[in-house]
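Source file: run-v1.pdb; contents: PDB, C-alpha atoms.
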```
MODEL        1
ATOM      1  CA  MET A 200     122.729 144.632  -0.328
ATOM      2  CA  ASN A 201     124.577 147.959  -0.328
ATOM      3  CA  ALA A 202     128.334 147.496   0.206
ATOM      4  CA  ASP A 203     128.195 149.933   3.139
ATOM      5  CA  HIS A 204     126.274 147.266   5.069
ATOM      6  CA  LEU A 205     128.776 144.453   4.417
ATOM      7  CA  PRO A 206     132.063 143.621   6.177
ATOM      8  CA  PRO A 207     134.864 145.705   4.605
ATOM      9  CA  PRO A 208     136.808 144.085   1.730
ATOM     10  CA  ARG A 209     140.111 142.299   2.274
ATOM     11  CA  HIS A 210     142.316 145.038   0.857
ATOM     12  CA  LEU A 211     141.065 147.403   3.571
ATOM     13  CA  LEU A 212     141.610 144.720   6.205
ATOM     14  CA  LEU A 213     145.210 144.354   5.000
ATOM     15  CA  ARG A 214     145.764 148.079   5.489
ATOM     16  CA  GLU A 215     144.723 147.658   9.122
ATOM     17  CA  ALA A 216     147.505 145.137   9.635
ATOM     18  CA  LEU A 217     150.012 147.544   8.112
ATOM     19  CA  SER A 218     149.037 150.228  10.630
ATOM     20  CA  LEU A 219     150.196 148.171  13.621
ATOM     21  CA  PHE A 220     153.566 149.945  13.707
ATOM     22  CA  SER A 221     151.868 153.303  14.214
ATOM     23  CA  ARG A 222     149.658 151.745  16.891
ATOM     24  CA  CYS A 223     152.700 150.494  18.803
ATOM     25  CA  TRP A 224     154.678 153.720  18.362
ATOM     26  CA  ARG A 225     151.919 155.950  19.715
ATOM     27  CA  GLY A 226     151.444 153.572  22.681
ATOM     28  CA  ILE A 227     154.841 154.466  24.156
ATOM     29  CA  GLY A 228     154.661 156.567  27.311
ATOM     30  CA  HIS A 229     153.135 156.629  30.781
ATOM     31  CA  LEU A 230     149.534 155.824  31.534
ATOM     32  CA  GLY A 231     147.312 157.788  33.900
ATOM     33  CA  GLU A 232     145.285 160.981  33.874
ATOM     34  CA  ARG A 233     146.535 163.810  31.695
ATOM     35  CA  GLY A 234     145.511 167.331  30.747
ATOM     36  CA  PRO A 235     144.600 170.326  32.936
ATOM     37  CA  GLN A 236     143.014 169.542  36.313
ATOM     38  CA  ASP A 237     140.149 171.948  35.631
ATOM     39  CA  GLY A 238     139.490 170.639  32.106
ATOM     40  CA  THR A 239     136.252 168.943  31.130
ATOM     41  CA  PRO A 240     136.584 165.301  32.276
ATOM     42  CA  LEU A 241     136.792 162.859  29.389
ATOM     43  CA  MET A 242     137.188 159.076  29.421
ATOM     44  CA  VAL A 243     138.532 157.149  26.412
ATOM     45  CA  ILE A 244     137.291 153.537  26.207
ATOM     46  CA  PRO A 245     139.396 151.204  24.014
ATOM     47  CA  GLY A 246     138.127 148.805  21.380
ATOM     48  CA  PHE A 247     138.075 145.027  21.379
ATOM     49  CA  PHE A 248     141.472 143.482  22.120
ATOM     50  CA  ALA A 249     142.888 146.934  22.827
ATOM     51  CA  SER A 250     143.863 148.723  26.027
ATOM     52  CA  ASP A 251     144.549 152.217  27.355
ATOM     53  CA  ARG A 252     148.021 152.008  25.862
ATOM     54  CA  THR A 253     146.459 151.510  22.408
ATOM     55  CA  THR A 254     144.524 154.777  22.769
ATOM     56  CA  LEU A 255     147.420 156.730  24.280
ATOM     57  CA  GLY A 256     147.904 158.880  21.177
ATOM     58  CA  LEU A 257     144.225 159.813  21.189
ATOM     59  CA  GLN A 258     144.340 160.539  24.918
ATOM     60  CA  ARG A 259     147.333 162.849  24.415
ATOM     61  CA  GLY A 260     145.587 164.714  21.592
ATOM     62  CA  LEU A 261     142.480 165.314  23.682
ATOM     63  CA  ALA A 262     144.512 166.353  26.728
ATOM     64  CA  LYS A 263     146.471 168.842  24.614
ATOM     65  CA  ALA A 264     143.124 170.315  23.550
ATOM     66  CA  GLY A 265     142.337 171.102  27.201
ATOM     67  CA  TYR A 266     140.376 168.109  28.436
ATOM     68  CA  ARG A 267     141.149 166.200  31.627
ATOM     69  CA  VAL A 268     141.587 162.746  30.119
ATOM     70  CA  THR A 269     141.724 159.222  31.485
ATOM     71  CA  GLY A 270     141.587 155.744  29.976
ATOM     72  CA  TRP A 271     139.115 153.206  31.204
ATOM     73  CA  GLY A 272     141.625 151.536  33.566
ATOM     74  CA  MET A 273     140.343 148.002  32.972
ATOM     75  CA  GLY A 274     143.209 146.480  31.005
ATOM     76  CA  LEU A 275     142.666 144.626  27.760
ATOM     77  CA  ASN A 276     139.145 144.795  26.343
ATOM     78  CA  ARG A 277     138.204 141.139  25.893
ATOM     79  CA  GLY A 278     134.541 141.756  25.132
ATOM     80  CA  VAL A 279     131.460 142.310  27.202
ATOM     81  CA  THR A 280     130.895 140.528  30.522
ATOM     82  CA  PRO A 281     127.906 140.761  32.904
ATOM     83  CA  HIS A 282     129.849 143.352  34.920
ATOM     84  CA  THR A 283     131.535 145.483  32.237
ATOM     85  CA  LEU A 284     129.145 148.422  32.329
ATOM     86  CA  ASP A 285     128.989 148.492  36.128
ATOM     87  CA  GLU A 286     132.790 148.544  36.307
ATOM     88  CA  ILE A 287     133.011 151.436  33.855
ATOM     89  CA  ILE A 288     130.431 153.355  35.909
ATOM     90  CA  VAL A 289     132.426 152.834  39.129
ATOM     91  CA  ARG A 290     135.552 154.193  37.447
ATOM     92  CA  LEU A 291     133.626 157.094  35.936
ATOM     93  CA  GLU A 292     132.258 158.092  39.343
ATOM     94  CA  ALA A 293     135.754 158.013  40.845
ATOM     95  CA  PHE A 294     137.289 159.958  37.949
ATOM     96  CA  ALA A 295     134.827 162.862  37.917
ATOM     97  CA  PRO A 296     132.990 163.029  41.275
ATOM     98  CA  GLY A 297     130.133 165.483  41.117
ATOM     99  CA  ARG A 298     130.732 166.263  37.445
ATOM    100  CA  LYS A 299     129.562 164.910  34.099
ATOM    101  CA  ALA A 300     132.208 163.414  31.818
ATOM    102  CA  VAL A 301     132.489 163.016  28.071
ATOM    103  CA  LEU A 302     132.839 159.426  26.837
ATOM    104  CA  VAL A 303     134.912 158.742  23.711
ATOM    105  CA  GLY A 304     134.698 155.091  22.725
ATOM    106  CA  TRP A 305     136.679 153.446  19.964
ATOM    107  CA  SER A 306     135.034 150.473  18.199
ATOM    108  CA  LEU A 307     133.502 148.170  20.861
ATOM    109  CA  GLY A 308     134.415 150.820  23.419
ATOM    110  CA  GLY A 309     131.918 153.129  21.756
ATOM    111  CA  VAL A 310     129.176 150.534  22.171
ATOM    112  CA  PHE A 311     130.059 150.394  25.871
ATOM    113  CA  ALA A 312     129.995 154.196  26.075
ATOM    114  CA  ARG A 313     126.505 154.364  24.589
ATOM    115  CA  GLU A 314     125.202 151.783  27.056
ATOM    116  CA  VAL A 315     126.791 153.516  30.058
ATOM    117  CA  ALA A 316     125.126 156.761  28.981
ATOM    118  CA  LYS A 317     121.756 155.001  28.844
ATOM    119  CA  LEU A 318     122.188 153.592  32.334
ATOM    120  CA  ARG A 319     123.663 156.735  33.939
ATOM    121  CA  PRO A 320     122.934 159.856  31.896
ATOM    122  CA  ASP A 321     123.539 161.834  35.093
ATOM    123  CA  LEU A 322     127.248 161.008  34.738
ATOM    124  CA  VAL A 323     127.652 161.655  31.007
ATOM    125  CA  ASP A 324     127.873 164.973  29.161
ATOM    126  CA  GLY A 325     128.119 163.424  25.697
ATOM    127  CA  VAL A 326     129.178 160.322  23.770
ATOM    128  CA  PHE A 327     131.477 160.114  20.747
ATOM    129  CA  THR A 328     131.797 156.744  19.004
ATOM    130  CA  LEU A 329     134.754 155.997  16.713
ATOM    131  CA  GLY A 330     134.078 153.270  14.162
ATOM    132  CA  SER A 331     131.738 151.560  16.624
ATOM    133  CA  PRO A 332     129.428 148.769  15.359
ATOM    134  CA  PHE A 333     126.252 149.867  17.155
ATOM    135  CA  SER A 334     123.826 149.628  14.236
ATOM    136  CA  GLY A 335     122.508 146.860  11.993
ATOM    137  CA  ASP A 336     123.907 143.345  11.719
ATOM    138  CA  PRO A 337     126.440 142.624  14.533
ATOM    139  CA  ARG A 338     128.317 140.399  12.062
ATOM    140  CA  ALA A 339     128.862 143.201   9.539
ATOM    141  CA  ASN A 340     132.524 143.405  10.484
ATOM    142  CA  ASN A 341     135.754 141.432  10.147
ATOM    143  CA  ALA A 342     136.223 140.750  13.851
ATOM    144  CA  TRP A 343     133.105 138.897  14.982
ATOM    145  CA  ARG A 344     134.573 135.389  14.701
ATOM    146  CA  LEU A 345     137.601 136.334  16.794
ATOM    147  CA  TYR A 346     135.297 138.152  19.205
ATOM    148  CA  GLU A 347     133.182 135.045  19.784
ATOM    149  CA  ARG A 348     136.261 132.896  20.434
ATOM    150  CA  VAL A 349     137.745 135.376  22.916
ATOM    151  CA  ALA A 350     134.565 136.589  24.640
ATOM    152  CA  GLY A 351     132.948 133.142  24.791
ATOM    153  CA  HIS A 352     129.475 134.154  23.616
ATOM    154  CA  PRO A 353     127.725 134.803  20.283
ATOM    155  CA  VAL A 354     128.203 138.356  19.122
ATOM    156  CA  ASP A 355     124.428 138.811  18.874
ATOM    157  CA  ARG A 356     123.727 137.359  22.338
ATOM    158  CA  PRO A 357     125.848 139.268  24.879
ATOM    159  CA  PRO A 358     125.495 138.514  28.608
ATOM    160  CA  LEU A 359     123.702 141.837  29.092
ATOM    161  CA  LYS A 360     120.313 143.011  27.927
ATOM    162  CA  VAL A 361     121.011 145.909  25.569
ATOM    163  CA  ASP A 362     119.538 147.671  22.565
ATOM    164  CA  ALA A 363     122.743 148.813  20.896
ATOM    165  CA  ALA A 364     121.045 150.918  18.230
ATOM    166  CA  ALA A 365     118.866 152.929  20.644
ATOM    167  CA  LYS A 366     120.219 156.459  21.051
ATOM    168  CA  PRO A 367     121.389 157.439  24.544
ATOM    169  CA  PRO A 368     119.539 160.364  26.201
ATOM    170  CA  VAL A 369     122.622 162.606  25.876
ATOM    171  CA  PRO A 370     124.297 164.217  22.836
ATOM    172  CA  THR A 371     125.687 161.309  20.816
ATOM    173  CA  ILE A 372     127.990 161.710  17.821
ATOM    174  CA  ALA A 373     128.983 158.827  15.517
ATOM    175  CA  LEU A 374     132.336 159.142  13.731
ATOM    176  CA  TRP A 375     132.846 156.659  10.909
ATOM    177  CA  SER A 376     135.052 156.032   7.873
ATOM    178  CA  ARG A 377     134.662 154.571   4.377
ATOM    179  CA  ARG A 378     138.268 153.333   4.724
ATOM    180  CA  ASP A 379     137.481 151.315   7.850
ATOM    181  CA  GLY A 380     138.834 147.797   7.315
ATOM    182  CA  MET A 381     137.047 146.248  10.281
ATOM    183  CA  VAL A 382     133.536 147.632  10.622
ATOM    184  CA  ALA A 383     130.960 148.192   7.868
ATOM    185  CA  PRO A 384     130.417 151.935   7.343
ATOM    186  CA  ALA A 385     126.663 151.605   7.852
ATOM    187  CA  SER A 386     127.165 149.905  11.222
ATOM    188  CA  ALA A 387     129.418 152.698  12.503
ATOM    189  CA  ARG A 388     127.396 155.511  10.914
ATOM    190  CA  GLY A 389     124.003 154.193  11.968
ATOM    191  CA  GLN A 390     120.566 155.502  11.099
ATOM    192  CA  PRO A 391     119.814 159.210  11.623
ATOM    193  CA  LEU A 392     117.724 158.652  14.768
ATOM    194  CA  GLU A 393     120.379 156.419  16.358
ATOM    195  CA  SER A 394     122.686 159.379  17.066
ATOM    196  CA  ASP A 395     122.518 163.155  16.949
ATOM    197  CA  ALA A 396     125.121 163.543  14.197
ATOM    198  CA  GLN A 397     127.242 161.380  11.934
ATOM    199  CA  ILE A 398     130.710 162.590  10.902
ATOM    200  CA  GLU A 399     132.892 160.944   8.278
ATOM    201  CA  ILE A 400     136.575 160.681   9.181
ATOM    202  CA  ASP A 401     139.313 159.834   6.657
ATOM    203  CA  CYS A 402     141.172 156.925   8.298
ATOM    204  CA  GLY A 403     141.266 153.167   8.745
ATOM    205  CA  HIS A 404     139.855 151.436  11.802
ATOM    206  CA  MET A 405     143.175 151.505  13.671
ATOM    207  CA  GLY A 406     143.585 155.118  12.622
ATOM    208  CA  PHE A 407     140.851 156.289  14.970
ATOM    209  CA  ALA A 408     143.257 155.575  17.831
ATOM    210  CA  CYS A 409     146.705 156.075  16.313
ATOM    211  CA  SER A 410     146.601 158.253  13.175
ATOM    212  CA  GLY A 411     147.764 161.791  13.838
ATOM    213  CA  ARG A 412     145.481 163.213  11.155
ATOM    214  CA  ALA A 413     142.452 161.261  12.436
ATOM    215  CA  ILE A 414     143.145 162.302  16.026
ATOM    216  CA  ARG A 415     143.137 165.948  14.953
ATOM    217  CA  GLN A 416     139.775 165.420  13.222
ATOM    218  CA  ILE A 417     138.372 163.692  16.308
ATOM    219  CA  VAL A 418     139.571 166.468  18.618
ATOM    220  CA  ALA A 419     137.967 169.056  16.324
ATOM    221  CA  ALA A 420     134.666 167.142  16.303
ATOM    222  CA  VAL A 421     134.622 166.802  20.090
ATOM    223  CA  ARG A 422     135.421 170.491  20.588
ATOM    224  CA  HIS A 423     132.823 171.642  18.046
ATOM    225  CA  HIS A 424     129.931 169.519  19.288
ATOM    226  CA  LEU A 425     130.586 170.142  22.978
ATOM    227  CA  SER A 426     130.736 173.886  22.303
ATOM    228  CA  ALA A 427     127.463 173.699  20.370
ATOM    229  CA  ALA A 428     125.792 171.706  23.141
ATOM    230  CA  GLY A 429     127.061 174.079  25.816
TER
ENDMDL
END
```
This structure in structure tokens:
Amino acid sequence: MNADHLPPPRHLLLREALSLFSRCWRGIGHLGERGPQDGTPLMVIPGFFASDRTTLGLQRGLAKAGYRVTGWGMGLNRGVTPHTLDEIIVRLEAFAPGRKAVLVGWSLGGVFAREVAKLRPDLVDGVFTLGSPFSGDPRANNAWRLYERVAGHPVDRPPLKVDAAAKPPVPTIALWSRRDGMVAPASARGQPLESDAQIEIDCGHMGFACSGRAIRQIVAAVRHHLSAAG
């Protein structure tokens, strides 16, 4: 099997652990909506075992680019529950009443974003996934064992009926990295028909949320593809 389809090697996983300082440093500051009131609404959904504070650096970068940004407001992401998608939808409706919002989901948060867009495309202007394992083997990552212990269900049998690889009916962009120490590149990149575009980013898995260089690349990708779609 191609290495792109396998869980990343240990040396890349070790690099993820070394990036925790940057993750903590960029998480300092206040939570809440940020960016211009009239900016395009954008919700950032954190990855597994992460929270809005973990994505604070990414939120700041997107707000600085002119978007009206919020986190998901649901605390620590402990995995999918029967009500996860409904709760995200309620918060999305309250955040951008009468408007469509952009969803930016990191890791598992990107899987959630894709599913929300399938359920309520009327609320979503576009989806950007960051190192999200939406394609192929759900065990092609270095977190599935921990996920099963925390979430309380097999990673391939969530308490919701979903087809993770099916493309949402809105513009959907998959950002992925060969340096990702958590998720297999093929799982985050997906097959061509599973998203509208696939963009390689130069960062580790934690870097999607806390690397300054990666955040600049993500902001550029969001701006470019939303401008093209508009």
Taking (137.8, 161.7, 12.2) as a centre in this file's frame and 12 Å as the limit, can you find every polymer residue with an atom that close, using all atoms listed in the file, and give them as a PDB file with C-alpha atoms, keeping the file's coordinate frame?
```pdb
ATOM      1  CA  LEU A 257     144.225 159.813  21.189  1.00  0.00           C
ATOM      2  CA  TRP A 305     136.679 153.446  19.964  1.00  0.00           C
ATOM      3  CA  PHE A 327     131.477 160.114  20.747  1.00  0.00           C
ATOM      4  CA  THR A 328     131.797 156.744  19.004  1.00  0.00           C
ATOM      5  CA  LEU A 329     134.754 155.997  16.713  1.00  0.00           C
ATOM      6  CA  GLY A 330     134.078 153.270  14.162  1.00  0.00           C
ATOM      7  CA  ILE A 372     127.990 161.710  17.821  1.00  0.00           C
ATOM      8  CA  ALA A 373     128.983 158.827  15.517  1.00  0.00           C
ATOM      9  CA  LEU A 374     132.336 159.142  13.731  1.00  0.00           C
ATOM     10  CA  TRP A 375     132.846 156.659  10.909  1.00  0.00           C
ATOM     11  CA  SER A 376     135.052 156.032   7.873  1.00  0.00           C
ATOM     12  CA  ARG A 377     134.662 154.571   4.377  1.00  0.00           C
ATOM     13  CA  ARG A 378     138.268 153.333   4.724  1.00  0.00           C
ATOM     14  CA  ASP A 379     137.481 151.315   7.850  1.00  0.00           C
ATOM     15  CA  GLN A 397     127.242 161.380  11.934  1.00  0.00           C
ATOM     16  CA  ILE A 398     130.710 162.590  10.902  1.00  0.00           C
ATOM     17  CA  GLU A 399     132.892 160.944   8.278  1.00  0.00           C
ATOM     18  CA  ILE A 400     136.575 160.681   9.181  1.00  0.00           C
ATOM     19  CA  ASP A 401     139.313 159.834   6.657  1.00  0.00           C
ATOM     20  CA  CYS A 402     141.172 156.925   8.298  1.00  0.00           C
ATOM     21  CA  GLY A 403     141.266 153.167   8.745  1.00  0.00           C
ATOM     22  CA  HIS A 404     139.855 151.436  11.802  1.00  0.00           C
ATOM     23  CA  MET A 405     143.175 151.505  13.671  1.00  0.00           C
ATOM     24  CA  GLY A 406     143.585 155.118  12.622  1.00  0.00           C
ATOM     25  CA  PHE A 407     140.851 156.289  14.970  1.00  0.00           C
ATOM     26  CA  ALA A 408     143.257 155.575  17.831  1.00  0.00           C
ATOM     27  CA  CYS A 409     146.705 156.075  16.313  1.00  0.00           C
ATOM     28  CA  SER A 410     146.601 158.253  13.175  1.00  0.00           C
ATOM     29  CA  GLY A 411     147.764 161.791  13.838  1.00  0.00           C
ATOM     30  CA  ARG A 412     145.481 163.213  11.155  1.00  0.00           C
ATOM     31  CA  ALA A 413     142.452 161.261  12.436  1.00  0.00           C
ATOM     32  CA  ILE A 414     143.145 162.302  16.026  1.00  0.00           C
ATOM     33  CA  ARG A 415     143.137 165.948  14.953  1.00  0.00           C
ATOM     34  CA  GLN A 416     139.775 165.420  13.222  1.00  0.00           C
ATOM     35  CA  ILE A 417     138.372 163.692  16.308  1.00  0.00           C
ATOM     36  CA  VAL A 418     139.571 166.468  18.618  1.00  0.00           C
ATOM     37  CA  ALA A 419     137.967 169.056  16.324  1.00  0.00           C
ATOM     38  CA  ALA A 420     134.666 167.142  16.303  1.00  0.00           C
ATOM     39  CA  VAL A 421     134.622 166.802  20.090  1.00  0.00           C
TER      40      VAL A 421
END
```
### Message
From (125.3, 150.5, 9.7), in the file's coordinates, out to 12 Å: which residues are reached, counting only C-alpha atoms? Answer as number ranges by chain.
### Response
A: 200-207, 330-340, 363-364, 373-377, 382-391, 393-394, 397
field: Proximity to A:Glu232 - best of A:Leu261, A:Leu284, A:Ala249, A:Val279, only C-alpha atoms
entry: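 Looking only at the distances to A:Glu232, the closest residue turns out to be A:Leu261.
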Judged by all atoms listed in the file, the minimum distance to A:Glu292 among A:Gly265, A:Pro240, A:Gly246, A:Gly231 is found for A:Pro240
Requested in this report: Could you tell me which residues the PyMOL selection byres ((chain A and resi 347) around 12) returns for this structure, as a VMD selection string?
Outcome: chain A and resid 247 277 to 279 337 to 338 341 to 346 348 to 357
**Q.** Option closest in space to A:Asp237, from A:Ala295, A:Ile288, A:Met273, A:Leu322 [counting all atoms listed in the file]
**A.**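 Under the stated criterion, the closest residue is A:Ala295.
Across the structure, atom CA of A:Val301 and atom CA of A:Val243 are spaced 8.6 Å apart.
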inquiry  = If we count all atoms listed in the file and set the cut-off at 10 Å, which residues sit around A:Gly238, ignoring sequence neighbours fewer than 5 positions away in its own chain? Please answer as a list in words.
reply    =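 Once the adjacent positions are removed, what remains is Arg233, Ala262, Ala264, Gly265, Tyr266, Arg267 and Val268 of chain A.
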